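Data first, discussion second: the structure below is written as structure tokens.
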Amino acid sequence: MGLCRQGFRREKFLCPADHKRGPRYCTRCECTACFHVLKSMSGNSWKVQRFDTNHNHVLAVQEHLQFLRSNRKVTSSQASQIHTYKYAGLQTCDIVNLMVQQACGFERLGFTRKEAHNKAAAMHRSETVETDSEGLLGYLASKIDSTDLTLYAKYAIDEEDHLCHIFWSDSGCQGDYMYFSDVLAFDTTYQSNAFNKPLVMFVGVNNHFQTCVFGFALLLNEKIESYKWVLETLLDYMYSRQPAVVVTNGDATIKAAIILCFPNSTYRICGWHMSTNATSNIKSPDFTKAFWKFLYNHYNVPQCYERWDALLDKFELHNNAWVATTYEQRFHWAESFLKTYFFSGMSTTQRCESINSYIKRFLNCKILLLYFIRHVDIAQRNIRESKRHDDFISYYTEPAYPTDATLIGYLPQYGMGLY
């Protein structure tokens, strides 16, 4: 048995002309140190044939032993741990930091960061299927067969059998929709997967005033046909029940699809998007502040028209194209025309944005669809766990009612806030 620095590197590997990368560090230095043993013919004994302890290089000190190739190996239990953490949404660098903390130091871990990244990449390659869409559909099929019999998924393909759109939901989402579909908010998020498919989330508000998810979808593009397909699919799974109110970001394509698929629903444009558009188009903080009042103040209709005319006179915007277009859409964003409808406290798509932000902690723009949907499931699981916790609080605790002394001190302050 020779040691790790025996022999030498052949010359053709020292400076290869066709390689873009430079040569690696040389580790072999023709060290003659070795330990040779022979097994007897009977197989019952071993005999030392040669034992040479003469090294022609500096020996590794204790603090460097962890970097020797013979001491760098990811065990099967560690590989299983890495796979579990990756499935939970952790990045490889975070997994290494966690395992180092558990091992009480790098020197006791048994491998370096490079081995961890190589092992994670090897496990990723071993799970690769012929196409990513096949992996996605196979994952959903396995959930239906084993863990989630109520899962519903529908997809569409093009003429070349490529995946175009996919929608998925389950009985939990369906139950929430039956109870809380008074208000439906949906928005799209981008650069969340390797194929740049827009992720669509349908959300509402439950009895704990928490965000609940009704379903997810990945679309090929943002054309009206794509939105029409996903809205019709949602209706089909939700027993053709249309929401009372739909809140979106004001995109013209989304609006057209809503009018086609939800003719009985009231359409509201997100207040935050309207305020942002006012800032970018008019570029006047005073105008944005005044415009904000039209979004959220409960003016009566004559007051609204009167104040709007005064606003245009003040900022001289009678001929502004954006202002004219916005005024034509006033029935979909001004509180004066929407205050008779129930919105569950939602005047923006902020709940969609908050879930987008939450999910993006698990995602990156290079992630494949198979891993993408796994991490979306993790986010959905965490959202439902919060609901179960609030259900527990609701069932087994009582609210702390204020005493008479507390009310005496609180009511005057509350009245001052109202008037």
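Labels for the structure tokens follow display order: chains A, B, ..., residues from 1 in each chain, ligands from 1.
For stretch 340-343 of chain A, the list of residues within 8 Å, based on only C-alpha atoms and with local chain neighbours fewer than 6 positions off taken out, reads A:Asp182, A:Val183, A:Val245.
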Practice task
Quick one: everything within 7 Å of stretch 196-204 of chain A, counting only C-alpha atoms, minus sequence neighbours fewer than 5 positions away in the same chain. Send it as a ChimeraX atom specification.
Solution key: /A:180-181,183-191,211-221,352
Keeping N, CA and C atoms, export the residues of the selection given above as a PDB file, in the first residue's frame.
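Writing the result to part-v4.pdb gives the following:
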```
ATOM      1  N   PHE A 180     -64.522  30.950   1.851  1.00  0.00           N
ATOM      2  CA  PHE A 180     -63.893  32.275   1.861  1.00  0.00           C
ATOM      3  C   PHE A 180     -63.671  32.856   0.463  1.00  0.00           C
ATOM      4  N   SER A 181     -64.504  32.481  -0.490  1.00  0.00           N
ATOM      5  CA  SER A 181     -64.321  32.969  -1.863  1.00  0.00           C
ATOM      6  C   SER A 181     -65.027  34.295  -2.109  1.00  0.00           C
ATOM      7  N   VAL A 183     -63.815  37.118  -1.610  1.00  0.00           N
ATOM      8  CA  VAL A 183     -62.790  37.951  -2.240  1.00  0.00           C
ATOM      9  C   VAL A 183     -61.671  37.055  -2.738  1.00  0.00           C
ATOM     10  N   LEU A 184     -61.340  37.190  -4.001  1.00  0.00           N
ATOM     11  CA  LEU A 184     -60.244  36.436  -4.612  1.00  0.00           C
ATOM     12  C   LEU A 184     -59.203  37.423  -5.105  1.00  0.00           C
ATOM     13  N   ALA A 185     -57.973  37.245  -4.657  1.00  0.00           N
ATOM     14  CA  ALA A 185     -56.865  38.063  -5.153  1.00  0.00           C
ATOM     15  C   ALA A 185     -55.883  37.145  -5.867  1.00  0.00           C
ATOM     16  N   PHE A 186     -55.407  37.572  -7.014  1.00  0.00           N
ATOM     17  CA  PHE A 186     -54.366  36.779  -7.667  1.00  0.00           C
ATOM     18  C   PHE A 186     -53.410  37.692  -8.424  1.00  0.00           C
ATOM     19  N   ASP A 187     -52.193  37.238  -8.459  1.00  0.00           N
ATOM     20  CA  ASP A 187     -51.116  37.992  -9.091  1.00  0.00           C
ATOM     21  C   ASP A 187     -50.108  36.998  -9.629  1.00  0.00           C
ATOM     22  N   THR A 188     -49.179  37.474 -10.416  1.00  0.00           N
ATOM     23  CA  THR A 188     -48.143  36.611 -10.986  1.00  0.00           C
ATOM     24  C   THR A 188     -46.787  37.048 -10.474  1.00  0.00           C
ATOM     25  N   THR A 189     -45.898  36.073 -10.324  1.00  0.00           N
ATOM     26  CA  THR A 189     -44.522  36.348  -9.950  1.00  0.00           C
ATOM     27  C   THR A 189     -43.609  35.749 -11.003  1.00  0.00           C
ATOM     28  N   TYR A 190     -42.420  36.314 -11.162  1.00  0.00           N
ATOM     29  CA  TYR A 190     -41.548  35.980 -12.287  1.00  0.00           C
ATOM     30  C   TYR A 190     -40.182  35.512 -11.799  1.00  0.00           C
ATOM     31  N   GLN A 191     -39.436  34.870 -12.694  1.00  0.00           N
ATOM     32  CA  GLN A 191     -38.076  34.422 -12.442  1.00  0.00           C
ATOM     33  C   GLN A 191     -38.011  33.544 -11.202  1.00  0.00           C
ATOM     34  N   THR A 211     -54.089  34.809   5.382  1.00  0.00           N
ATOM     35  CA  THR A 211     -54.115  34.491   3.951  1.00  0.00           C
ATOM     36  C   THR A 211     -54.297  32.996   3.760  1.00  0.00           C
ATOM     37  N   CYS A 212     -55.218  32.604   2.903  1.00  0.00           N
ATOM     38  CA  CYS A 212     -55.390  31.203   2.537  1.00  0.00           C
ATOM     39  C   CYS A 212     -55.224  31.077   1.023  1.00  0.00           C
ATOM     40  N   VAL A 213     -54.693  29.959   0.604  1.00  0.00           N
ATOM     41  CA  VAL A 213     -54.390  29.731  -0.809  1.00  0.00           C
ATOM     42  C   VAL A 213     -55.445  28.817  -1.404  1.00  0.00           C
ATOM     43  N   PHE A 214     -55.972  29.206  -2.564  1.00  0.00           N
ATOM     44  CA  PHE A 214     -56.978  28.408  -3.267  1.00  0.00           C
ATOM     45  C   PHE A 214     -56.371  27.540  -4.367  1.00  0.00           C
ATOM     46  N   GLY A 215     -55.189  27.871  -4.835  1.00  0.00           N
ATOM     47  CA  GLY A 215     -54.579  27.088  -5.890  1.00  0.00           C
ATOM     48  C   GLY A 215     -53.361  27.779  -6.476  1.00  0.00           C
ATOM     49  N   PHE A 216     -52.568  27.007  -7.216  1.00  0.00           N
ATOM     50  CA  PHE A 216     -51.375  27.509  -7.889  1.00  0.00           C
ATOM     51  C   PHE A 216     -51.441  27.137  -9.364  1.00  0.00           C
ATOM     52  N   ALA A 217     -50.694  27.899 -10.163  1.00  0.00           N
ATOM     53  CA  ALA A 217     -50.614  27.583 -11.592  1.00  0.00           C
ATOM     54  C   ALA A 217     -49.306  28.101 -12.158  1.00  0.00           C
ATOM     55  N   LEU A 218     -48.778  27.375 -13.124  1.00  0.00           N
ATOM     56  CA  LEU A 218     -47.646  27.822 -13.926  1.00  0.00           C
ATOM     57  C   LEU A 218     -48.129  27.985 -15.352  1.00  0.00           C
ATOM     58  N   LEU A 219     -47.875  29.151 -15.930  1.00  0.00           N
ATOM     59  CA  LEU A 219     -48.377  29.452 -17.269  1.00  0.00           C
ATOM     60  C   LEU A 219     -47.226  29.591 -18.259  1.00  0.00           C
ATOM     61  N   LEU A 220     -47.548  29.380 -19.516  1.00  0.00           N
ATOM     62  CA  LEU A 220     -46.547  29.526 -20.573  1.00  0.00           C
ATOM     63  C   LEU A 220     -46.188  30.986 -20.793  1.00  0.00           C
ATOM     64  N   ASN A 221     -47.205  31.863 -20.754  1.00  0.00           N
ATOM     65  CA  ASN A 221     -46.992  33.281 -21.010  1.00  0.00           C
ATOM     66  C   ASN A 221     -48.117  34.061 -20.329  1.00  0.00           C
ATOM     67  N   CYS A 352     -50.905  38.483  -1.941  1.00  0.00           N
ATOM     68  CA  CYS A 352     -50.176  37.721  -2.966  1.00  0.00           C
ATOM     69  C   CYS A 352     -48.688  38.024  -2.900  1.00  0.00           C
TER      70      CYS A 352
END
```
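Atom CA of A:Ser169 is found 18.8 Å from atom CA of A:Ile157.
Taking only C-alpha atoms, the non-local environment of A:Met238 within 12 Å (same-chain residues fewer than 5 positions away omitted) comprises Tyr152, Ser169, Asp170, Ser171, Gly172, Cys173, Gln174, Gly175, Asp176, Tyr177, Met178, Tyr179, Phe180, Ser181, Phe214, Gly215, Leu231, Glu232, Thr233 and Pro243 of chain A.
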Limited to N, CA and C atoms, could you put the picked residues into a file as a PDB file, in the first residue's frame?
```pdb
ATOM      1  N   TYR A 152     -55.664  17.727  -6.928  1.00  0.00           N
ATOM      2  CA  TYR A 152     -56.219  17.914  -8.274  1.00  0.00           C
ATOM      3  C   TYR A 152     -55.182  18.643  -9.118  1.00  0.00           C
ATOM      4  N   SER A 169     -54.307  22.025  -7.107  1.00  0.00           N
ATOM      5  CA  SER A 169     -54.983  22.405  -5.876  1.00  0.00           C
ATOM      6  C   SER A 169     -55.358  21.119  -5.152  1.00  0.00           C
ATOM      7  N   ASP A 170     -55.992  21.219  -4.000  1.00  0.00           N
ATOM      8  CA  ASP A 170     -56.425  20.027  -3.282  1.00  0.00           C
ATOM      9  C   ASP A 170     -57.717  20.319  -2.533  1.00  0.00           C
ATOM     10  N   SER A 171     -58.193  19.337  -1.774  1.00  0.00           N
ATOM     11  CA  SER A 171     -59.469  19.498  -1.092  1.00  0.00           C
ATOM     12  C   SER A 171     -59.409  20.562  -0.008  1.00  0.00           C
ATOM     13  N   GLY A 172     -58.218  20.755   0.594  1.00  0.00           N
ATOM     14  CA  GLY A 172     -58.081  21.826   1.577  1.00  0.00           C
ATOM     15  C   GLY A 172     -58.291  23.190   0.952  1.00  0.00           C
ATOM     16  N   CYS A 173     -57.699  23.390  -0.224  1.00  0.00           N
ATOM     17  CA  CYS A 173     -57.903  24.644  -0.959  1.00  0.00           C
ATOM     18  C   CYS A 173     -59.359  24.776  -1.393  1.00  0.00           C
ATOM     19  N   GLN A 174     -59.934  23.662  -1.822  1.00  0.00           N
ATOM     20  CA  GLN A 174     -61.322  23.686  -2.274  1.00  0.00           C
ATOM     21  C   GLN A 174     -62.265  24.043  -1.128  1.00  0.00           C
ATOM     22  N   GLY A 175     -62.009  23.467   0.062  1.00  0.00           N
ATOM     23  CA  GLY A 175     -62.827  23.788   1.220  1.00  0.00           C
ATOM     24  C   GLY A 175     -62.714  25.242   1.616  1.00  0.00           C
ATOM     25  N   ASP A 176     -61.489  25.774   1.587  1.00  0.00           N
ATOM     26  CA  ASP A 176     -61.300  27.197   1.896  1.00  0.00           C
ATOM     27  C   ASP A 176     -62.039  28.070   0.888  1.00  0.00           C
ATOM     28  N   TYR A 177     -62.019  27.667  -0.371  1.00  0.00           N
ATOM     29  CA  TYR A 177     -62.691  28.457  -1.400  1.00  0.00           C
ATOM     30  C   TYR A 177     -64.202  28.480  -1.182  1.00  0.00           C
ATOM     31  N   MET A 178     -64.764  27.356  -0.764  1.00  0.00           N
ATOM     32  CA  MET A 178     -66.204  27.309  -0.538  1.00  0.00           C
ATOM     33  C   MET A 178     -66.623  28.265   0.580  1.00  0.00           C
ATOM     34  N   TYR A 179     -65.751  28.431   1.592  1.00  0.00           N
ATOM     35  CA  TYR A 179     -66.076  29.293   2.720  1.00  0.00           C
ATOM     36  C   TYR A 179     -65.654  30.744   2.505  1.00  0.00           C
ATOM     37  N   PHE A 180     -64.522  30.950   1.851  1.00  0.00           N
ATOM     38  CA  PHE A 180     -63.893  32.275   1.861  1.00  0.00           C
ATOM     39  C   PHE A 180     -63.671  32.856   0.463  1.00  0.00           C
ATOM     40  N   SER A 181     -64.504  32.481  -0.490  1.00  0.00           N
ATOM     41  CA  SER A 181     -64.321  32.969  -1.863  1.00  0.00           C
ATOM     42  C   SER A 181     -65.027  34.295  -2.109  1.00  0.00           C
ATOM     43  N   PHE A 214     -55.972  29.206  -2.564  1.00  0.00           N
ATOM     44  CA  PHE A 214     -56.978  28.408  -3.267  1.00  0.00           C
ATOM     45  C   PHE A 214     -56.371  27.540  -4.367  1.00  0.00           C
ATOM     46  N   GLY A 215     -55.189  27.871  -4.835  1.00  0.00           N
ATOM     47  CA  GLY A 215     -54.579  27.088  -5.890  1.00  0.00           C
ATOM     48  C   GLY A 215     -53.361  27.779  -6.476  1.00  0.00           C
ATOM     49  N   LEU A 231     -58.279  30.459 -15.277  1.00  0.00           N
ATOM     50  CA  LEU A 231     -59.500  30.853 -14.577  1.00  0.00           C
ATOM     51  C   LEU A 231     -60.623  29.845 -14.814  1.00  0.00           C
ATOM     52  N   GLU A 232     -60.729  29.334 -16.029  1.00  0.00           N
ATOM     53  CA  GLU A 232     -61.736  28.313 -16.312  1.00  0.00           C
ATOM     54  C   GLU A 232     -61.427  27.021 -15.557  1.00  0.00           C
ATOM     55  N   THR A 233     -60.143  26.685 -15.432  1.00  0.00           N
ATOM     56  CA  THR A 233     -59.758  25.497 -14.679  1.00  0.00           C
ATOM     57  C   THR A 233     -60.090  25.662 -13.202  1.00  0.00           C
ATOM     58  N   PRO A 243     -66.166  34.114  -7.579  1.00  0.00           N
ATOM     59  CA  PRO A 243     -65.959  34.981  -6.413  1.00  0.00           C
ATOM     60  C   PRO A 243     -66.798  36.245  -6.529  1.00  0.00           C
TER      61      PRO A 243
END
```
Problem - Counting only C-alpha atoms, the option among A:Ser142, A:Asn71, A:Ser133, A:Asn97 closest to A:Asp161 - result: A:Ser133
Exercise for the section: Mind listing the alpha helix (DSSP H) residues of stretch 6-106 of chain A, per DSSP on the backbone, as an MDAnalysis selection string? Expected result: chainID A and resid 76:87 92:103
Problem - Contact residues around A:Leu338 with only C-alpha atoms at 10 Å, ignoring same-chain residues under 5 positions, as an NGL selection string - result: :A and (266-268 or 295-296 or 298 or 330-333 or 343 or 347)
Fill in the blank from the handout: With distances taken over only C-alpha atoms, the candidate from A:Gln350, A:Asn249, A:Gln242, A:Thr326 nearest A:Pro263 is A:Gln242
Practice task
Quote the spacing between atom CA of A:Cys34 and atom CA of A:Phe51 in Å to one decimal place.
Solution key: 5.8 Å
Practice task
Measuring atom to atom with only C-alpha atoms, identify which of A:Thr53, A:Leu149, A:Gln329, A:His208 is nearest to A:Ser386.
Solution key: A:His208
Pick out each residue of stretch 46-168 of chain A that DSSP on the backbone tags as strand (DSSP E or B); I need them as a short mmCIF file (atom, residue, chain, number, x, y, z; two decimals) with all heavy atoms, in the first residue's frame.
```cif
data_model
loop_
_atom_site.label_atom_id
_atom_site.label_comp_id
_atom_site.auth_asym_id
_atom_site.auth_seq_id
_atom_site.Cartn_x
_atom_site.Cartn_y
_atom_site.Cartn_z
N TRP A 46 -1.02 -12.71 7.53
CA TRP A 46 -0.49 -11.64 6.69
C TRP A 46 0.98 -11.43 7.07
O TRP A 46 1.35 -11.57 8.22
CB TRP A 46 -1.28 -10.34 6.92
CG TRP A 46 -2.72 -10.41 6.50
CD1 TRP A 46 -3.76 -10.94 7.19
CD2 TRP A 46 -3.25 -9.94 5.28
NE1 TRP A 46 -4.93 -10.85 6.49
CE2 TRP A 46 -4.64 -10.21 5.29
CE3 TRP A 46 -2.71 -9.32 4.15
CZ2 TRP A 46 -5.48 -9.90 4.24
CZ3 TRP A 46 -3.56 -9.00 3.11
CH2 TRP A 46 -4.93 -9.28 3.15
N LYS A 47 1.77 -11.07 6.08
CA LYS A 47 3.19 -10.87 6.33
C LYS A 47 3.62 -9.53 5.77
O LYS A 47 3.30 -9.19 4.63
CB LYS A 47 4.00 -11.98 5.66
CG LYS A 47 5.50 -11.84 5.86
CD LYS A 47 6.26 -12.97 5.18
CE LYS A 47 7.76 -12.83 5.38
NZ LYS A 47 8.51 -13.91 4.70
N VAL A 48 4.31 -8.75 6.60
CA VAL A 48 4.81 -7.45 6.15
C VAL A 48 6.01 -7.69 5.25
O VAL A 48 7.02 -8.28 5.66
CB VAL A 48 5.22 -6.58 7.36
CG1 VAL A 48 5.83 -5.27 6.87
CG2 VAL A 48 4.02 -6.33 8.25
N GLN A 49 5.89 -7.24 4.00
CA GLN A 49 6.99 -7.42 3.04
C GLN A 49 7.92 -6.22 3.00
O GLN A 49 9.13 -6.37 2.87
CB GLN A 49 6.40 -7.68 1.64
CG GLN A 49 7.46 -7.99 0.59
CD GLN A 49 6.85 -8.15 -0.78
OE1 GLN A 49 5.90 -7.47 -1.10
NE2 GLN A 49 7.40 -9.07 -1.58
N ARG A 50 7.33 -5.01 3.14
CA ARG A 50 8.17 -3.81 3.08
C ARG A 50 7.50 -2.71 3.90
O ARG A 50 6.28 -2.51 3.83
CB ARG A 50 8.36 -3.33 1.65
CG ARG A 50 9.27 -2.11 1.52
CD ARG A 50 9.36 -1.66 0.08
NE ARG A 50 10.16 -0.44 -0.04
CZ ARG A 50 10.29 0.26 -1.15
NH1 ARG A 50 9.67 -0.15 -2.26
NH2 ARG A 50 11.03 1.35 -1.17
N PHE A 51 8.29 -2.00 4.66
CA PHE A 51 7.79 -0.88 5.45
C PHE A 51 8.84 0.22 5.40
O PHE A 51 9.88 0.14 6.04
CB PHE A 51 7.52 -1.32 6.88
CG PHE A 51 6.97 -0.22 7.74
CD1 PHE A 51 6.02 0.68 7.24
CD2 PHE A 51 7.40 -0.06 9.05
CE1 PHE A 51 5.51 1.69 8.03
CE2 PHE A 51 6.89 0.96 9.84
CZ PHE A 51 5.94 1.83 9.34
N ASP A 52 8.57 1.26 4.59
CA ASP A 52 9.51 2.36 4.39
C ASP A 52 8.90 3.63 4.98
O ASP A 52 7.83 4.07 4.58
CB ASP A 52 9.78 2.56 2.90
CG ASP A 52 10.90 3.56 2.63
OD1 ASP A 52 11.28 4.28 3.57
OD2 ASP A 52 11.36 3.62 1.47
N TYR A 152 -55.66 17.73 -6.93
CA TYR A 152 -56.22 17.91 -8.27
C TYR A 152 -55.18 18.64 -9.12
O TYR A 152 -54.60 19.65 -8.68
CB TYR A 152 -57.50 18.74 -8.20
CG TYR A 152 -58.05 19.14 -9.55
CD1 TYR A 152 -58.85 18.29 -10.29
CD2 TYR A 152 -57.76 20.40 -10.08
CE1 TYR A 152 -59.36 18.66 -11.53
CE2 TYR A 152 -58.27 20.79 -11.31
CZ TYR A 152 -59.06 19.92 -12.04
OH TYR A 152 -59.56 20.30 -13.26
N ALA A 153 -54.92 18.13 -10.29
CA ALA A 153 -53.96 18.77 -11.20
C ALA A 153 -54.49 18.66 -12.62
O ALA A 153 -55.05 17.63 -13.02
CB ALA A 153 -52.58 18.12 -11.09
N LYS A 154 -54.31 19.72 -13.37
CA LYS A 154 -54.71 19.74 -14.77
C LYS A 154 -53.64 20.49 -15.55
O LYS A 154 -53.15 21.52 -15.10
CB LYS A 154 -56.07 20.42 -14.95
CG LYS A 154 -56.58 20.43 -16.39
CD LYS A 154 -57.95 21.07 -16.48
CE LYS A 154 -58.46 21.08 -17.92
NZ LYS A 154 -59.81 21.70 -18.01
N TYR A 155 -53.27 19.96 -16.71
CA TYR A 155 -52.24 20.61 -17.50
C TYR A 155 -52.63 20.62 -18.98
O TYR A 155 -53.51 19.88 -19.41
CB TYR A 155 -50.87 19.91 -17.31
CG TYR A 155 -50.83 18.47 -17.76
CD1 TYR A 155 -50.42 18.13 -19.05
CD2 TYR A 155 -51.18 17.45 -16.89
CE1 TYR A 155 -50.37 16.81 -19.47
CE2 TYR A 155 -51.13 16.12 -17.29
CZ TYR A 155 -50.72 15.81 -18.57
OH TYR A 155 -50.67 14.50 -18.98
N ALA A 156 -51.95 21.48 -19.72
CA ALA A 156 -52.19 21.60 -21.17
C ALA A 156 -50.85 21.50 -21.89
O ALA A 156 -49.82 21.97 -21.38
CB ALA A 156 -52.87 22.93 -21.48
N ILE A 157 -50.86 20.89 -23.06
CA ILE A 157 -49.64 20.75 -23.86
C ILE A 157 -49.88 21.37 -25.22
O ILE A 157 -51.02 21.58 -25.65
CB ILE A 157 -49.24 19.26 -24.00
CG1 ILE A 157 -50.38 18.46 -24.64
CG2 ILE A 157 -48.86 18.67 -22.65
CD1 ILE A 157 -50.03 17.00 -24.91
N LEU A 163 -45.07 20.99 -22.28
CA LEU A 163 -45.96 21.47 -21.23
C LEU A 163 -46.17 22.97 -21.37
O LEU A 163 -45.21 23.74 -21.39
CB LEU A 163 -45.38 21.15 -19.85
CG LEU A 163 -46.22 21.56 -18.65
CD1 LEU A 163 -47.51 20.76 -18.61
CD2 LEU A 163 -45.43 21.38 -17.36
N CYS A 164 -47.42 23.40 -21.47
CA CYS A 164 -47.75 24.83 -21.57
C CYS A 164 -48.17 25.40 -20.22
O CYS A 164 -47.54 26.30 -19.68
CB CYS A 164 -48.87 25.06 -22.58
SG CYS A 164 -48.44 24.67 -24.27
N HIS A 165 -49.27 24.87 -19.68
CA HIS A 165 -49.81 25.36 -18.41
C HIS A 165 -50.06 24.18 -17.50
O HIS A 165 -50.30 23.05 -17.95
CB HIS A 165 -51.14 26.10 -18.61
CG HIS A 165 -51.20 26.97 -19.83
ND1 HIS A 165 -50.33 28.01 -20.05
CD2 HIS A 165 -52.04 26.95 -20.90
CE1 HIS A 165 -50.63 28.59 -21.20
NE2 HIS A 165 -51.66 27.96 -21.73
N ILE A 166 -50.03 24.46 -16.20
CA ILE A 166 -50.43 23.45 -15.22
C ILE A 166 -51.04 24.15 -14.02
O ILE A 166 -50.55 25.19 -13.57
CB ILE A 166 -49.24 22.54 -14.81
CG1 ILE A 166 -49.74 21.46 -13.84
CG2 ILE A 166 -48.10 23.35 -14.20
CD1 ILE A 166 -48.73 20.36 -13.61
N PHE A 167 -52.13 23.59 -13.53
CA PHE A 167 -52.83 24.11 -12.34
C PHE A 167 -52.94 22.98 -11.34
O PHE A 167 -53.21 21.83 -11.72
CB PHE A 167 -54.22 24.61 -12.73
CG PHE A 167 -55.11 24.92 -11.54
CD1 PHE A 167 -55.09 26.16 -10.94
CD2 PHE A 167 -55.97 23.94 -11.03
CE1 PHE A 167 -55.90 26.44 -9.84
CE2 PHE A 167 -56.79 24.21 -9.94
CZ PHE A 167 -56.75 25.47 -9.34
N TRP A 168 -52.71 23.27 -10.05
CA TRP A 168 -52.89 22.24 -9.03
C TRP A 168 -53.49 22.85 -7.76
O TRP A 168 -53.25 23.99 -7.40
CB TRP A 168 -51.59 21.50 -8.74
CG TRP A 168 -50.51 22.28 -8.05
CD1 TRP A 168 -50.23 22.28 -6.71
CD2 TRP A 168 -49.54 23.14 -8.65
NE1 TRP A 168 -49.16 23.10 -6.46
CE2 TRP A 168 -48.72 23.63 -7.61
CE3 TRP A 168 -49.30 23.55 -9.97
CZ2 TRP A 168 -47.67 24.51 -7.86
CZ3 TRP A 168 -48.26 24.42 -10.20
CH2 TRP A 168 -47.46 24.89 -9.16
#
```
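Atom CA of A:Asp148 to atom CA of A:Leu235 spans 21.2 Å [interatomic distance, one decimal].
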Handout entry: stretch 81-86 of chain A environment, 10 Å, only C-alpha atoms, sequence neighbours closer than 5 positions dropped, as a ChimeraX atom specification
Key = /A:74-76,91-92,94-96,98-99,116-117,119-120,123-124,371,375
Export, as a tab-separated table (two decimals), in the first residue's frame, the selected residues with N, CA and C atoms.
```tsv
chain	number	residue	atom	x	y	z
A	74	VAL	N	-17.92	11.77	2.41
A	74	VAL	CA	-19.28	11.95	2.91
A	74	VAL	C	-19.88	10.57	3.14
A	75	THR	N	-20.20	10.26	4.39
A	75	THR	CA	-20.77	8.95	4.71
A	75	THR	C	-22.21	8.86	4.23
A	76	SER	N	-22.75	7.67	4.23
A	76	SER	CA	-24.12	7.46	3.77
A	76	SER	C	-25.12	8.19	4.67
A	91	GLN	N	-30.14	25.78	1.32
A	91	GLN	CA	-29.04	25.81	0.36
A	91	GLN	C	-27.87	24.97	0.90
A	92	THR	N	-27.03	24.49	-0.01
A	92	THR	CA	-25.95	23.60	0.41
A	92	THR	C	-25.01	24.28	1.39
A	94	ASP	N	-25.74	26.50	3.60
A	94	ASP	CA	-26.39	26.52	4.91
A	94	ASP	C	-26.40	25.13	5.54
A	95	ILE	N	-26.53	24.10	4.71
A	95	ILE	CA	-26.50	22.73	5.22
A	95	ILE	C	-25.14	22.42	5.84
A	96	VAL	N	-24.07	22.85	5.15
A	96	VAL	CA	-22.73	22.61	5.67
A	96	VAL	C	-22.54	23.33	7.00
A	98	LEU	N	-24.79	24.09	9.18
A	98	LEU	CA	-25.56	23.38	10.19
A	98	LEU	C	-24.86	22.10	10.63
A	99	MET	N	-24.32	21.35	9.69
A	99	MET	CA	-23.65	20.10	10.03
A	99	MET	C	-22.34	20.35	10.76
A	116	ALA	N	-19.31	18.41	-0.05
A	116	ALA	CA	-20.75	18.56	0.18
A	116	ALA	C	-21.45	19.01	-1.09
A	117	HIS	N	-20.88	20.00	-1.77
A	117	HIS	CA	-21.48	20.48	-3.03
A	117	HIS	C	-21.46	19.39	-4.10
A	119	LYS	N	-21.49	16.14	-3.58
A	119	LYS	CA	-22.45	15.11	-3.22
A	119	LYS	C	-23.87	15.57	-3.52
A	120	ALA	N	-24.18	16.82	-3.20
A	120	ALA	CA	-25.52	17.35	-3.48
A	120	ALA	C	-25.79	17.35	-4.98
A	123	MET	N	-26.45	13.74	-6.17
A	123	MET	CA	-27.81	13.29	-5.83
A	123	MET	C	-28.84	13.96	-6.71
A	124	HIS	N	-28.58	15.22	-7.05
A	124	HIS	CA	-29.49	15.93	-7.94
A	124	HIS	C	-29.50	15.28	-9.33
A	371	TYR	N	-38.22	20.59	-8.44
A	371	TYR	CA	-37.85	21.13	-7.14
A	371	TYR	C	-38.66	22.38	-6.81
A	375	HIS	N	-40.88	22.98	-3.24
A	375	HIS	CA	-40.74	24.11	-2.33
A	375	HIS	C	-42.04	24.89	-2.19
```
